[in-house]
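Text of structure10.tsv, listed as TSV, C-alpha atoms:
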chain	number	residue	atom	x	y	z
A	21	MET	CA	12.10	8.64	-42.45
A	22	ALA	CA	10.13	7.65	-39.35
A	23	GLU	CA	7.16	5.32	-39.72
A	24	THR	CA	4.24	4.71	-37.36
A	25	VAL	CA	2.85	1.18	-37.28
A	26	CYS	CA	-0.44	0.31	-35.59
A	27	TYR	CA	-1.30	-3.24	-34.62
A	28	GLU	CA	-4.07	-4.95	-32.74
A	29	ALA	CA	-3.43	-7.78	-30.27
A	30	GLU	CA	-6.56	-9.80	-29.58
A	31	GLY	CA	-7.72	-9.32	-26.01
A	32	TRP	CA	-5.17	-6.57	-25.39
A	33	GLY	CA	-6.11	-3.72	-27.71
A	34	VAL	CA	-4.26	-1.54	-30.20
A	35	GLY	CA	-0.57	-0.68	-29.88
A	36	GLU	CA	1.83	1.48	-31.84
A	37	LEU	CA	5.41	1.27	-32.99
A	38	TRP	CA	7.52	4.18	-34.17
A	39	LEU	CA	10.42	3.09	-36.36
A	40	GLU	CA	13.13	4.72	-38.38
A	41	ASP	CA	14.26	2.24	-40.98
A	42	GLU	CA	14.57	-0.91	-38.86
A	43	THR	CA	15.37	0.90	-35.58
A	44	LEU	CA	12.68	1.03	-32.92
A	45	LEU	CA	12.24	4.57	-31.59
A	46	LEU	CA	9.21	3.98	-29.37
A	47	HIS	CA	6.66	1.29	-28.60
A	48	GLU	CA	3.30	1.90	-26.99
A	49	LEU	CA	1.73	-1.23	-25.53
A	50	PRO	CA	-1.70	-2.24	-26.74
A	51	GLY	CA	-4.68	-0.79	-24.94
A	52	LEU	CA	-8.10	0.62	-25.66
A	53	ARG	CA	-7.88	3.19	-28.42
A	54	GLU	CA	-10.36	4.76	-30.82
A	55	TRP	CA	-8.77	3.26	-33.91
A	56	ALA	CA	-9.36	-0.41	-33.07
A	57	GLY	CA	-9.32	-2.55	-36.20
A	58	VAL	CA	-6.53	-0.51	-37.81
A	59	HIS	CA	-3.49	-2.53	-38.81
A	60	THR	CA	-0.29	-1.54	-40.53
A	61	PRO	CA	1.57	-4.56	-41.90
A	62	HIS	CA	5.06	-4.83	-40.43
A	63	PRO	CA	7.18	-7.84	-39.38
A	64	LEU	CA	7.81	-6.49	-35.84
A	65	ALA	CA	4.12	-5.76	-35.34
A	66	GLU	CA	3.34	-9.34	-36.36
A	67	ARG	CA	5.92	-10.69	-33.88
A	68	ILE	CA	4.39	-8.57	-31.11
A	69	ARG	CA	0.89	-9.81	-31.99
A	70	GLN	CA	2.23	-13.36	-31.79
A	71	TYR	CA	3.80	-12.60	-28.38
A	72	PHE	CA	0.40	-11.49	-27.06
A	73	ALA	CA	-1.05	-14.73	-28.44
A	74	GLY	CA	1.45	-16.70	-26.31
A	75	ALA	CA	4.50	-17.09	-28.57
A	76	ARG	CA	7.94	-16.80	-26.99
A	77	ASP	CA	10.16	-14.16	-28.54
A	78	THR	CA	13.27	-12.54	-27.10
A	79	PHE	CA	13.15	-9.60	-29.54
A	80	ALA	CA	16.96	-9.67	-29.16
A	81	ASP	CA	17.51	-8.80	-32.82
A	82	VAL	CA	15.41	-5.61	-32.68
A	83	ALA	CA	17.61	-2.52	-33.03
A	84	LEU	CA	16.84	0.21	-30.49
A	85	ASP	CA	17.41	3.94	-30.57
A	86	LEU	CA	19.76	4.32	-27.57
A	87	VAL	CA	21.56	7.43	-28.83
A	88	ASP	CA	20.77	9.59	-25.79
A	89	PHE	CA	21.27	6.83	-23.22
A	90	THR	CA	24.04	7.03	-20.63
A	91	PRO	CA	26.44	4.09	-20.15
A	92	PHE	CA	24.46	3.14	-17.04
A	93	GLN	CA	21.13	3.19	-18.91
A	94	ARG	CA	22.61	1.12	-21.74
A	95	ALA	CA	23.95	-1.43	-19.25
A	96	VAL	CA	20.54	-1.76	-17.60
A	97	VAL	CA	18.76	-2.06	-20.95
A	98	GLU	CA	21.16	-4.72	-22.26
A	99	THR	CA	21.01	-6.65	-18.99
A	100	LEU	CA	17.23	-6.54	-18.97
A	101	ARG	CA	17.07	-7.78	-22.55
A	102	GLY	CA	18.90	-10.86	-21.29
A	103	VAL	CA	16.27	-11.76	-18.66
A	104	PRO	CA	14.60	-14.84	-20.16
A	105	TRP	CA	10.93	-15.21	-20.98
A	106	GLY	CA	9.11	-16.51	-17.90
A	107	GLU	CA	11.70	-15.32	-15.37
A	108	VAL	CA	11.89	-12.26	-13.14
A	109	VAL	CA	14.59	-10.31	-11.32
A	110	THR	CA	14.33	-7.71	-8.58
A	111	TYR	CA	15.43	-4.13	-9.15
A	112	GLY	CA	18.46	-4.82	-6.94
A	113	GLU	CA	19.38	-7.93	-8.93
A	114	LEU	CA	19.00	-6.04	-12.19
A	115	ALA	CA	21.33	-3.27	-10.99
A	116	ALA	CA	23.93	-5.77	-9.75
A	117	LEU	CA	23.78	-7.82	-12.97
A	118	ALA	CA	24.28	-4.61	-14.94
A	119	GLY	CA	27.46	-3.96	-12.94
A	120	TYR	CA	26.03	-1.31	-10.63
A	121	PRO	CA	25.31	-2.88	-7.24
A	122	ASN	CA	23.25	-0.68	-4.92
A	123	ALA	CA	21.78	1.25	-7.87
A	124	GLN	CA	18.36	-0.39	-7.67
A	125	ARG	CA	16.49	2.92	-7.55
A	126	ALA	CA	18.32	4.15	-10.65
A	127	ALA	CA	17.60	0.83	-12.40
A	128	GLY	CA	13.95	1.33	-11.47
A	129	SER	CA	14.08	4.78	-13.03
A	130	VAL	CA	15.34	3.26	-16.30
A	131	CYS	CA	12.40	0.87	-16.22
A	132	ALA	CA	9.94	3.64	-15.41
A	133	HIS	CA	11.04	5.56	-18.52
A	134	ASN	CA	11.27	2.53	-20.82
A	135	ARG	CA	10.26	3.44	-24.40
A	136	PHE	CA	10.52	-0.17	-25.59
A	137	PRO	CA	8.21	-2.43	-23.54
A	138	LEU	CA	8.41	-6.13	-24.43
A	139	VAL	CA	11.65	-5.54	-26.35
A	140	VAL	CA	13.17	-4.26	-23.09
A	141	PRO	CA	10.97	-6.37	-20.79
A	142	CYS	CA	10.59	-4.22	-17.67
A	143	HIS	CA	7.54	-6.28	-16.74
A	144	ARG	CA	10.09	-8.94	-15.70
A	145	VAL	CA	11.47	-6.69	-12.96
A	146	VAL	CA	9.73	-6.97	-9.61
A	147	ALA	CA	10.08	-5.34	-6.23
A	148	GLY	CA	11.75	-7.23	-3.41
A	149	ASN	CA	8.40	-7.44	-1.63
A	150	GLY	CA	6.02	-8.09	-4.54
A	151	ILE	CA	5.14	-7.31	-8.11
A	152	GLY	CA	6.11	-3.62	-8.07
A	153	ARG	CA	4.81	-0.86	-10.31
A	154	TYR	CA	4.35	-0.68	-14.07
A	155	GLY	CA	4.04	2.95	-15.11
A	156	ALA	CA	0.92	4.23	-16.80
A	157	SER	CA	-0.19	0.72	-17.82
A	158	GLY	CA	-0.58	-0.25	-14.18
A	159	VAL	CA	0.11	-3.25	-12.00
A	160	GLU	CA	-2.74	-5.35	-13.43
A	161	TYR	CA	-1.32	-4.98	-16.95
A	162	LYS	CA	2.08	-6.09	-15.62
A	163	ARG	CA	0.43	-9.05	-13.90
A	164	ARG	CA	-1.25	-10.04	-17.20
A	165	LEU	CA	2.10	-9.87	-19.03
A	166	LEU	CA	3.77	-12.01	-16.39
A	167	GLU	CA	0.91	-14.52	-16.40
A	168	LEU	CA	1.21	-14.71	-20.19
A	169	GLU	CA	4.78	-15.87	-19.50
A	170	ARG	CA	3.58	-18.32	-16.82
A	171	VAL	CA	4.83	-16.20	-13.90
A	172	PHE	CA	2.25	-15.90	-11.12
A	173	LEU	CA	2.87	-13.40	-8.32

Would you mind writing the structure in this file as structure tokens?
Amino acid sequence: MAETVCYEAEGWGVGELWLEDETLLLHELPGLREWAGVHTPHPLAERIRQYFAGARDTFADVALDLVDFTPFQRAVVETLRGVPWGEVVTYGELAALAGYPNAQRAAGSVCAHNRFPLVVPCHRVVAGNGIGRYGASGVEYKRRLLELERVFL
């Protein structure tokens, strides 16, 4: 049975996790929401709160729901999960490392539709000429995440 977990990260806002057993189905990054102050105790939520407080965590052990992912999407996700805390790659580098050179636009599409931010750290992917985009959260949110990891662009 699916479970929704709310958590609050100080200075960032309230985020949500959707889990089925121990598998992450979806993660919504913290932001301003009406239900500030609401917390649902969960070990992954606590790890994410700690991340936003400056703790390093790879989240490598978190199981993801990749059932509908293509082999290409899985390769990009697994490659991206291997990009270390505090480092960045370009979309072209990500595609090449995943085994698909010249597929940088497709790798960018995987990032743009990422349901697992932080666990699949798309904020660590930058454009060849600058920081690049970051979906609905916006470039400034991406910049804050990178600065949290001591990356300044």

Pick from A:Val171, A:Trp105, A:Arg94, A:Ala123, whichever lies nearest to A:Asp77 using all atoms listed in the file: A:Trp105

Quick one: residues within 9 Å of A:Asp41, only C-alpha atoms, excluding same-chain residues fewer than 5 positions away - as an mmCIF file with C-alpha atoms, in the frame of the given file?
data_model
loop_
_atom_site.group_PDB
_atom_site.id
_atom_site.type_symbol
_atom_site.label_atom_id
_atom_site.label_comp_id
_atom_site.auth_asym_id
_atom_site.auth_seq_id
_atom_site.Cartn_x
_atom_site.Cartn_y
_atom_site.Cartn_z
ATOM 1 C CA MET A 21 12.100 8.640 -42.450
ATOM 2 C CA ALA A 22 10.130 7.650 -39.350
ATOM 3 C CA GLU A 23 7.160 5.320 -39.720
#

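Contact shell of stretch 128-131 of chain A at 8 Å (only C-alpha atoms; same-chain neighbours under 4 positions omitted): A:Gln93, A:Val96, A:Val97, A:Tyr111, A:Gln124, A:Cys142.
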
Residue contacts of A:Leu44 (7 Å, all atoms listed in the file) excluding same-chain residues fewer than 3 positions away, as a PyMOL selection string: chain A and resi 38-40+83-85

Contact residues around A:Asp81 with all atoms listed in the file at 12 Å, ignoring same-chain residues under 6 positions, as a VMD selection string: chain A and resid 42 to 44 64 67 98 101 to 102 139 to 140

Limited to C-alpha atoms, could you put the picked residues into a file as a tab-separated table (two decimals), in the coordinates of the input?
chain	number	residue	atom	x	y	z
A	42	GLU	CA	14.57	-0.91	-38.86
A	43	THR	CA	15.37	0.90	-35.58
A	44	LEU	CA	12.68	1.03	-32.92
A	64	LEU	CA	7.81	-6.49	-35.84
A	67	ARG	CA	5.92	-10.69	-33.88
A	98	GLU	CA	21.16	-4.72	-22.26
A	101	ARG	CA	17.07	-7.78	-22.55
A	102	GLY	CA	18.90	-10.86	-21.29
A	139	VAL	CA	11.65	-5.54	-26.35
A	140	VAL	CA	13.17	-4.26	-23.09

Best match for closeness to A:Ala127 among A:His143, A:Glu107, A:Leu100, A:Val25, counting only C-alpha atoms: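 Nearest candidate to A:Ala127 out of A:His143, A:Glu107, A:Leu100, A:Val25: A:Leu100.
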
Shell around A:Val159 at 12 Å using all atoms listed in the file, local window under 3 positions removed, as a ChimeraX atom specification: /A:142-143,145-147,150-156,162-166,173

Nearest to A:Ala118 by atom-to-atom distance, counting all atoms listed in the file, from A:Tyr27, A:Phe92, A:Phe79, A:Phe136: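 Looking at the shortest contact to A:Ala118, the residue is A:Phe92.
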
Atomic distance atom CA of A:Gly31 - atom CA of A:Glu160, expressed in Å with one decimal: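 Between atom CA of A:Gly31 and atom CA of A:Glu160 the gap is 14.1 Å.
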
Computed interatomic separation between atom CA of A:Asp88 and atom CA of A:Leu37 (Å):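 Between atom CA of A:Asp88 and atom CA of A:Leu37 the gap works out to 18.9 Å.
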
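In this model, the gap between atom CA of A:Gly119 and atom CA of A:Gly106 comes to 22.8 Å.
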
Top pick for closest residue to A:Leu138, considering A:Pro91, A:Pro63, A:Pro50, A:Gly158 and counting only C-alpha atoms: A:Pro50

If the box runs along x, y and z of the file and leaves 4 Å on each side of stretch 145-156 of chain A, what are its centre and edge lengths in Å, one decimal, as JSON?
{"center_x": 6.3, "center_y": -1.9, "center_z": -9.2, "size_x": 18.8, "size_y": 20.3, "size_z": 23.2}

Best match for closeness to A:Tyr120 among A:Leu46, A:Pro61, A:Ala95, A:Glu66, counting all atoms listed in the file: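 Comparing A:Leu46, A:Pro61, A:Ala95, A:Glu66 against A:Tyr120, the winner is A:Ala95.
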
Using only C-alpha atoms: which of A:Asn122, A:His133, A:Ala116, A:Arg144 has the shortest distance to A:Val103: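 Of A:Asn122, A:His133, A:Ala116, A:Arg144, the one nearest A:Val103, counting only C-alpha atoms, is A:Arg144.
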
Can you take the partial stretch 142-153 of chain A, add all heavy atoms, and return it as a PDB file, keeping the file's coordinate frame?
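Wrote it out as rebuild.pdb, contents follow:
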ATOM      1  N   CYS A 142      10.640  -4.720 -19.051  1.00  0.00           N
ATOM      2  CA  CYS A 142      10.590  -4.220 -17.670  1.00  0.00           C
ATOM      3  C   CYS A 142       9.515  -4.917 -16.842  1.00  0.00           C
ATOM      4  O   CYS A 142       9.578  -4.883 -15.616  1.00  0.00           O
ATOM      5  CB  CYS A 142      10.378  -2.720 -17.645  1.00  0.00           C
ATOM      6  SG  CYS A 142      11.871  -1.823 -18.090  1.00  0.00           S
ATOM      7  N   HIS A 143       8.549  -5.544 -17.506  1.00  0.00           N
ATOM      8  CA  HIS A 143       7.540  -6.280 -16.740  1.00  0.00           C
ATOM      9  C   HIS A 143       8.179  -7.454 -15.987  1.00  0.00           C
ATOM     10  O   HIS A 143       7.594  -7.961 -15.041  1.00  0.00           O
ATOM     11  CB  HIS A 143       6.400  -6.762 -17.639  1.00  0.00           C
ATOM     12  CG  HIS A 143       6.809  -7.738 -18.690  1.00  0.00           C
ATOM     13  ND1 HIS A 143       7.416  -7.341 -19.874  1.00  0.00           N
ATOM     14  CD2 HIS A 143       6.715  -9.083 -18.740  1.00  0.00           C
ATOM     15  CE1 HIS A 143       7.647  -8.412 -20.612  1.00  0.00           C
ATOM     16  NE2 HIS A 143       7.240  -9.476 -19.943  1.00  0.00           N
ATOM     17  N   ARG A 144       9.384  -7.847 -16.365  1.00  0.00           N
ATOM     18  CA  ARG A 144      10.090  -8.940 -15.700  1.00  0.00           C
ATOM     19  C   ARG A 144      10.893  -8.488 -14.486  1.00  0.00           C
ATOM     20  O   ARG A 144      11.610  -9.278 -13.888  1.00  0.00           O
ATOM     21  CB  ARG A 144      11.007  -9.655 -16.690  1.00  0.00           C
ATOM     22  CG  ARG A 144      10.240 -10.324 -17.811  1.00  0.00           C
ATOM     23  CD  ARG A 144      11.135 -11.072 -18.764  1.00  0.00           C
ATOM     24  NE  ARG A 144      10.355 -11.492 -19.914  1.00  0.00           N
ATOM     25  CZ  ARG A 144      10.827 -11.584 -21.145  1.00  0.00           C
ATOM     26  NH1 ARG A 144      12.097 -11.299 -21.391  1.00  0.00           N
ATOM     27  NH2 ARG A 144      10.039 -11.961 -22.130  1.00  0.00           N
ATOM     28  N   VAL A 145      10.782  -7.216 -14.141  1.00  0.00           N
ATOM     29  CA  VAL A 145      11.470  -6.690 -12.960  1.00  0.00           C
ATOM     30  C   VAL A 145      10.426  -6.470 -11.874  1.00  0.00           C
ATOM     31  O   VAL A 145       9.422  -5.792 -12.103  1.00  0.00           O
ATOM     32  CB  VAL A 145      12.203  -5.368 -13.271  1.00  0.00           C
ATOM     33  CG1 VAL A 145      12.993  -4.913 -12.052  1.00  0.00           C
ATOM     34  CG2 VAL A 145      13.132  -5.529 -14.471  1.00  0.00           C
ATOM     35  N   VAL A 146      10.684  -7.048 -10.710  1.00  0.00           N
ATOM     36  CA  VAL A 146       9.730  -6.970  -9.610  1.00  0.00           C
ATOM     37  C   VAL A 146      10.400  -6.352  -8.386  1.00  0.00           C
ATOM     38  O   VAL A 146      11.621  -6.324  -8.276  1.00  0.00           O
ATOM     39  CB  VAL A 146       9.161  -8.367  -9.265  1.00  0.00           C
ATOM     40  CG1 VAL A 146       8.387  -8.939 -10.453  1.00  0.00           C
ATOM     41  CG2 VAL A 146      10.251  -9.330  -8.832  1.00  0.00           C
ATOM     42  N   ALA A 147       9.573  -5.878  -7.488  1.00  0.00           N
ATOM     43  CA  ALA A 147      10.080  -5.340  -6.230  1.00  0.00           C
ATOM     44  C   ALA A 147      10.492  -6.502  -5.322  1.00  0.00           C
ATOM     45  O   ALA A 147      10.048  -7.633  -5.500  1.00  0.00           O
ATOM     46  CB  ALA A 147       8.999  -4.504  -5.561  1.00  0.00           C
ATOM     47  N   GLY A 148      11.330  -6.210  -4.359  1.00  0.00           N
ATOM     48  CA  GLY A 148      11.750  -7.230  -3.410  1.00  0.00           C
ATOM     49  C   GLY A 148      10.605  -7.785  -2.593  1.00  0.00           C
ATOM     50  O   GLY A 148      10.656  -8.918  -2.120  1.00  0.00           O
ATOM     51  N   ASN A 149       9.526  -7.015  -2.455  1.00  0.00           N
ATOM     52  CA  ASN A 149       8.400  -7.440  -1.630  1.00  0.00           C
ATOM     53  C   ASN A 149       7.118  -7.663  -2.432  1.00  0.00           C
ATOM     54  O   ASN A 149       6.032  -7.640  -1.877  1.00  0.00           O
ATOM     55  CB  ASN A 149       8.152  -6.407  -0.527  1.00  0.00           C
ATOM     56  CG  ASN A 149       7.794  -5.049  -1.081  1.00  0.00           C
ATOM     57  OD1 ASN A 149       7.852  -4.829  -2.294  1.00  0.00           O
ATOM     58  ND2 ASN A 149       7.428  -4.135  -0.209  1.00  0.00           N
ATOM     59  N   GLY A 150       7.218  -7.844  -3.731  1.00  0.00           N
ATOM     60  CA  GLY A 150       6.020  -8.090  -4.540  1.00  0.00           C
ATOM     61  C   GLY A 150       6.209  -7.681  -5.980  1.00  0.00           C
ATOM     62  O   GLY A 150       7.327  -7.488  -6.447  1.00  0.00           O
ATOM     63  N   ILE A 151       5.111  -7.522  -6.663  1.00  0.00           N
ATOM     64  CA  ILE A 151       5.140  -7.310  -8.110  1.00  0.00           C
ATOM     65  C   ILE A 151       5.746  -5.967  -8.509  1.00  0.00           C
ATOM     66  O   ILE A 151       6.363  -5.847  -9.554  1.00  0.00           O
ATOM     67  CB  ILE A 151       3.737  -7.502  -8.719  1.00  0.00           C
ATOM     68  CG1 ILE A 151       3.818  -7.600 -10.236  1.00  0.00           C
ATOM     69  CG2 ILE A 151       2.794  -6.416  -8.264  1.00  0.00           C
ATOM     70  CD1 ILE A 151       2.576  -8.105 -10.914  1.00  0.00           C
ATOM     71  N   GLY A 152       5.582  -4.933  -7.715  1.00  0.00           N
ATOM     72  CA  GLY A 152       6.110  -3.620  -8.070  1.00  0.00           C
ATOM     73  C   GLY A 152       5.189  -2.880  -9.020  1.00  0.00           C
ATOM     74  O   GLY A 152       4.117  -3.344  -9.358  1.00  0.00           O
ATOM     75  N   ARG A 153       5.625  -1.740  -9.476  1.00  0.00           N
ATOM     76  CA  ARG A 153       4.810  -0.860 -10.310  1.00  0.00           C
ATOM     77  C   ARG A 153       5.016  -1.173 -11.787  1.00  0.00           C
ATOM     78  O   ARG A 153       5.915  -1.898 -12.157  1.00  0.00           O
ATOM     79  CB  ARG A 153       5.184   0.586 -10.013  1.00  0.00           C
ATOM     80  CG  ARG A 153       5.067   0.892  -8.524  1.00  0.00           C
ATOM     81  CD  ARG A 153       5.503   2.272  -8.233  1.00  0.00           C
ATOM     82  NE  ARG A 153       4.285   3.084  -8.215  1.00  0.00           N
ATOM     83  CZ  ARG A 153       4.277   4.377  -8.020  1.00  0.00           C
ATOM     84  NH1 ARG A 153       5.383   5.034  -7.865  1.00  0.00           N
ATOM     85  NH2 ARG A 153       3.152   5.037  -8.003  1.00  0.00           N
TER      86      ARG A 153
END
